[in-house]
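See below for the structure under consideration.
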Amino acid sequence: MSEALEQNLKLITEKGQILALDGILHGIEKEGLRTDSKGSISQTGHPAALGSALTHSHITTDYSEALLEFITPAFRESAEALHFLQQLHCFTYQHLGDEELWAASMPCKIDSEDAIQIARFGSSNVGRLKSIYRIGLEHRYGKMMQAIAGIHYNFSLPETLWPVLSELQGSKDSLQQVRSAGYFKLIRNFRRSSWLLLYLFGASPALPTSFMRGREHDLQQWDENTLYRPYATSLRMSDLGYSNKAQSGLNICFNHLDSYIRTLTQAINTPYPEYEKLGVKTRQGYKQLNSNVLQIENEYYSDIRPKRVTLPGEKPVHALLERGVEYIEVRNTDINPLLPIGIDQQQADFMDAFLVTCLLSDPSDVNSQECELINQNNSLVVNRGREPGLTLTRKNQQISVPEWGHIILNDISKTAAVLDQIAGDSRYSDAVSAQQLKLDDPHLTPSAQILDTMKTSGLGYEAFILQQSRKHRDTILNMGLTTEQQQYLEKLTISSFEEQQQIEQSDRLDFDTYLANYLAQ
């Protein structure tokens, strides 16, 4: 990374364009299971006091009725996004009764898949499409995998940056092309170094035995109700979490926008024999949206995605094709059960410095051999990241986790110094320094701290996370909700139901035609 990064930072600084990096936008999406007071998955529907899951702009559901999803607006300061997220938690707690919000990525106790109720979005065509997509996920992968929760960090660079980069590069392309190419360069370098994020912030080294019921595994037994790996960082991101056979053969290319759209569209349009046997529409109703490798783009599980805000009824891939990349969504972030909302300011500051470094670094493509090495390195880190003496493969040579980590952090520190100049403080450099300590001492990583705390307290996974969930509820409620936010969210509850009703009343197409039109985009 170093040479290209230093050159780009030098050019931006020397040409007086440092402020082109001022105005990064941040948004956070966070999932969280609702549980009953004893820590089992909730059997109640999405609380009506939280509004319509179909149309509410900040509080919805992901896979199941019990899996809440909080969505912040995009803010210039990550601190504003974190505060908004805390406020959404606080408002939600007011309406949960004796239920809890599960404070971890790996799920709570789930006795059987029957206990996971697929999310409902009403009778409109768009609502039915969302529910049938989830029914398809159940048939393809089972419900248990869909009970995993995570945090998505949305990041967009200032529009003022792209003309600067275009001029520095001497590019003749349109700004839309420059922007999309820049985001894909960021994505390529993110994938090369994302193992480091898993090491530094992975927070799922253990899980409940109920999650693995009926599946073969080589996890170690912590106690009767807990399985773990002693040096794991993020079992959520391992093949125990988001993985499936049909997608393992996909070769989605993250090098450029056109190759990404081409390979993703191919997967959406390629029939898959097992799904064809399942059928699409039966007498009992729809089993899936189609019988292809992917029903829609969102089914592809990747740790980072290029994104563009879609128009009503528009497919994400169509939006990217028409208007280019608008922001990226980082998807490999675990919920840290040691933090009240699962993520904190220092982590957000480090993410910003990390992502800007990725943008300004090595412009080369990722070939198939490197892609395989990326997958191997990630697998080693999620399962054994803190293991003494563990080595990864870098440029076809073995290198220890701390040694390679410090090389990457050295690059990020250069970017952090520039971001500190803009911010007028040292918080980005401080965030990088905090991560260097974790490389020197693996016991400082969240994954190690979780296992250490479980050991000290004598608690298994379920009891520990339930304890943390209750503790965070109290902390967040004590922080309180501003009057302005309370009124805003109460109005949204009412208006979201009105909007859902309008959508349902305005449908003119039968669902079969609507679905055919949607998939044909």
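Each chain in the structure tokens gets a letter, A, B, ..., in the order shown, and its residues are numbered from 1; ligands are numbered from 1 in order too.
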
Contact residues around Leu320 (chain A) with only C-alpha atoms at 6 Å, ignoring same-chain residues under 4 positions, as a list of chain:residue names: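 Skipping anything fewer than 4 positions along the chain leaves A:Arg308, A:Gly324, A:Val325.
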
Polymer residues at most 10 Å from Val330 (chain A), only C-alpha atoms, same-chain spacing of 5 or more positions, as a PyMOL selection string: chain A and resi 28+151-155+187+190+194+302-306+351+355

Deliver the residues from the most recent selection as a file, using C-alpha atoms, as a JSON list (two decimals), in the first residue's frame.
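Result file follows (out-v5.json):
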[["chain", "number", "residue", "atom", "x", "y", "z"],
["A", 28, "ILE", "CA", -24.76, 3.10, 10.80],
["A", 151, "ILE", "CA", -23.32, -3.68, 12.33],
["A", 152, "HIS", "CA", -22.99, -2.11, 8.89],
["A", 153, "TYR", "CA", -20.82, 1.00, 8.64],
["A", 154, "ASN", "CA", -21.86, 3.20, 5.72],
["A", 155, "PHE", "CA", -19.19, 5.54, 4.42],
["A", 187, "ILE", "CA", -13.07, -2.03, -1.96],
["A", 190, "PHE", "CA", -10.32, -3.18, 1.96],
["A", 194, "SER", "CA", -9.98, -6.61, 6.14],
["A", 302, "SER", "CA", -20.00, -10.08, 1.19],
["A", 303, "ASP", "CA", -18.04, -8.18, 3.82],
["A", 304, "ILE", "CA", -18.26, -4.94, 1.82],
["A", 305, "ARG", "CA", -20.72, -3.67, -0.79],
["A", 306, "PRO", "CA", -20.79, -0.77, -3.26],
["A", 351, "MET", "CA", -12.69, 2.90, 10.37],
["A", 355, "LEU", "CA", -11.12, 3.38, 4.60]]

Polymer residues at most 10 Å from Ile268 (chain A), only C-alpha atoms, same-chain spacing of 5 or more positions, as an MDAnalysis selection string: chainID A and resid 263 290:297 299:300 519

For the residues selected in the previous step, produce a file with N, CA and C atoms as a PDB file, in the first residue's frame.
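result.pdb was written with the following content:
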ATOM      1  N   THR A 263     -20.981  -9.899 -13.129  1.00  0.00           N
ATOM      2  CA  THR A 263     -20.917 -11.185 -12.430  1.00  0.00           C
ATOM      3  C   THR A 263     -22.066 -11.349 -11.433  1.00  0.00           C
ATOM      4  N   ASN A 290     -37.410 -16.704  -7.054  1.00  0.00           N
ATOM      5  CA  ASN A 290     -37.048 -17.415  -8.283  1.00  0.00           C
ATOM      6  C   ASN A 290     -36.177 -18.597  -7.874  1.00  0.00           C
ATOM      7  N   SER A 291     -35.747 -19.377  -8.835  1.00  0.00           N
ATOM      8  CA  SER A 291     -34.943 -20.567  -8.507  1.00  0.00           C
ATOM      9  C   SER A 291     -33.489 -20.406  -8.956  1.00  0.00           C
ATOM     10  N   ASN A 292     -33.014 -19.166  -9.005  1.00  0.00           N
ATOM     11  CA  ASN A 292     -31.638 -18.903  -9.441  1.00  0.00           C
ATOM     12  C   ASN A 292     -30.674 -18.910  -8.255  1.00  0.00           C
ATOM     13  N   VAL A 293     -29.370 -18.845  -8.548  1.00  0.00           N
ATOM     14  CA  VAL A 293     -28.345 -18.895  -7.491  1.00  0.00           C
ATOM     15  C   VAL A 293     -28.621 -17.828  -6.435  1.00  0.00           C
ATOM     16  N   LEU A 294     -28.979 -16.626  -6.898  1.00  0.00           N
ATOM     17  CA  LEU A 294     -29.397 -15.556  -5.992  1.00  0.00           C
ATOM     18  C   LEU A 294     -30.806 -15.118  -6.380  1.00  0.00           C
ATOM     19  N   GLN A 295     -31.669 -14.912  -5.382  1.00  0.00           N
ATOM     20  CA  GLN A 295     -33.000 -14.366  -5.686  1.00  0.00           C
ATOM     21  C   GLN A 295     -32.866 -12.900  -6.102  1.00  0.00           C
ATOM     22  N   ILE A 296     -32.139 -12.138  -5.294  1.00  0.00           N
ATOM     23  CA  ILE A 296     -31.858 -10.724  -5.556  1.00  0.00           C
ATOM     24  C   ILE A 296     -30.427 -10.432  -5.084  1.00  0.00           C
ATOM     25  N   GLU A 297     -29.932  -9.238  -5.357  1.00  0.00           N
ATOM     26  CA  GLU A 297     -28.550  -8.885  -5.033  1.00  0.00           C
ATOM     27  C   GLU A 297     -28.237  -9.040  -3.548  1.00  0.00           C
ATOM     28  N   GLU A 299     -28.934 -11.064  -1.439  1.00  0.00           N
ATOM     29  CA  GLU A 299     -28.692 -12.423  -0.946  1.00  0.00           C
ATOM     30  C   GLU A 299     -27.203 -12.769  -0.951  1.00  0.00           C
ATOM     31  N   TYR A 300     -26.429 -12.026  -1.722  1.00  0.00           N
ATOM     32  CA  TYR A 300     -24.995 -12.319  -1.784  1.00  0.00           C
ATOM     33  C   TYR A 300     -24.315 -11.771  -0.533  1.00  0.00           C
ATOM     34  N   LEU A 519     -38.100  -8.330 -11.310  1.00  0.00           N
ATOM     35  CA  LEU A 519     -36.962  -9.194 -11.634  1.00  0.00           C
ATOM     36  C   LEU A 519     -36.414  -8.925 -13.031  1.00  0.00           C
TER      37      LEU A 519
END

Using only C-alpha atoms, which residues of region 333-361 of chain A come within 12 Å of region 225-237 of chain A, and what is the closest atom pair for each, with the distance in Å to one decimal? Give it as JSON lines, sorted by chain and residue number.
{"residue": "A:Thr333", "atom": "CA", "partner": "A:Met237", "partner_atom": "CA", "distance": 9.0}
{"residue": "A:Asp334", "atom": "CA", "partner": "A:Ser234", "partner_atom": "CA", "distance": 7.3}
{"residue": "A:Ile335", "atom": "CA", "partner": "A:Arg236", "partner_atom": "CA", "distance": 10.0}
{"residue": "A:Asn336", "atom": "CA", "partner": "A:Ser234", "partner_atom": "CA", "distance": 10.6}

Keeping C-alpha atoms for every residue in the selection just given, could you write it to a file as a PDB file, in the first residue's frame?
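Okay, this is what ended up in again28.pdb:
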ATOM      1  CA  THR A 333     -18.396  -5.501  12.040  1.00  0.00           C
ATOM      2  CA  ASP A 334     -19.531  -7.589  15.013  1.00  0.00           C
ATOM      3  CA  ILE A 335     -21.706  -6.150  17.762  1.00  0.00           C
ATOM      4  CA  ASN A 336     -19.317  -5.697  20.692  1.00  0.00           C
TER       5      ASN A 336
END

Neighbour list for region 394-407 of chain A as JSON, numbers by chain, cut-off 12 Å, only C-alpha atoms, skip fewer than 3 positions in-chain: {"A": [1, 2, 192, 193, 194, 195, 196, 197, 198, 199, 200, 369, 370, 371, 372, 373, 374, 376, 377, 378, 380, 381, 384, 385, 386, 387, 388, 389, 390, 391, 410, 411, 412, 413, 414, 432, 433, 434, 435, 436, 437, 438, 439, 440, 441, 442]}

Residue neighbourhood Leu157 (chain A), 9 Å, only C-alpha atoms, exclusion window fewer than 6 positions, as a ChimeraX atom specification: /A:21-25,183,326-327,356

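For region 28-102 of chain A, backbone-based DSSP assignment of alpha helix (DSSP H) covers Ser78, Ala79, Glu80, Ala81, Leu82, His83, Phe84, Leu85, Gln86, Gln87, Leu88, His89, Cys90, Phe91, Thr92 and Tyr93 of chain A.
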
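Of the listed residues A:Gly342, A:Leu68, A:Pro273, A:Arg473, the one whose atoms come nearest to Asp98 (chain A) is A:Arg473, with distances taken using only C-alpha atoms.
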
Shell around Ser426 (chain A) at 12 Å using only C-alpha atoms, local window under 3 positions removed, as a PyMOL selection string: chain A and resi 346+349-350+413+415-423+429-433

Just the selected residues (C-alpha atoms), exported as a PDB file, in the first residue's frame, please.
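To be explicit, this is the file written out as again-v4.pdb:
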ATOM      1  CA  GLN A 346     -12.710   5.202  18.653  1.00  0.00           C
ATOM      2  CA  ASP A 349     -12.500   7.045  13.878  1.00  0.00           C
ATOM      3  CA  PHE A 350     -10.252   4.095  13.070  1.00  0.00           C
ATOM      4  CA  SER A 413      -1.183   6.422  10.757  1.00  0.00           C
ATOM      5  CA  THR A 415      -3.746   9.070   6.775  1.00  0.00           C
ATOM      6  CA  ALA A 416      -4.752   9.628  10.405  1.00  0.00           C
ATOM      7  CA  ALA A 417      -2.267  12.510  10.679  1.00  0.00           C
ATOM      8  CA  VAL A 418      -3.915  14.237   7.702  1.00  0.00           C
ATOM      9  CA  LEU A 419      -7.431  13.672   9.110  1.00  0.00           C
ATOM     10  CA  ASP A 420      -6.226  15.087  12.451  1.00  0.00           C
ATOM     11  CA  GLN A 421      -5.144  18.262  10.640  1.00  0.00           C
ATOM     12  CA  ILE A 422      -8.664  18.661   9.284  1.00  0.00           C
ATOM     13  CA  ALA A 423     -10.338  17.838  12.622  1.00  0.00           C
ATOM     14  CA  SER A 429      -3.953   9.075  15.477  1.00  0.00           C
ATOM     15  CA  ASP A 430      -5.114   8.101  18.967  1.00  0.00           C
ATOM     16  CA  ALA A 431      -7.464   5.517  17.450  1.00  0.00           C
ATOM     17  CA  VAL A 432      -4.597   3.994  15.449  1.00  0.00           C
ATOM     18  CA  SER A 433      -2.343   3.899  18.545  1.00  0.00           C
TER      19      SER A 433
END
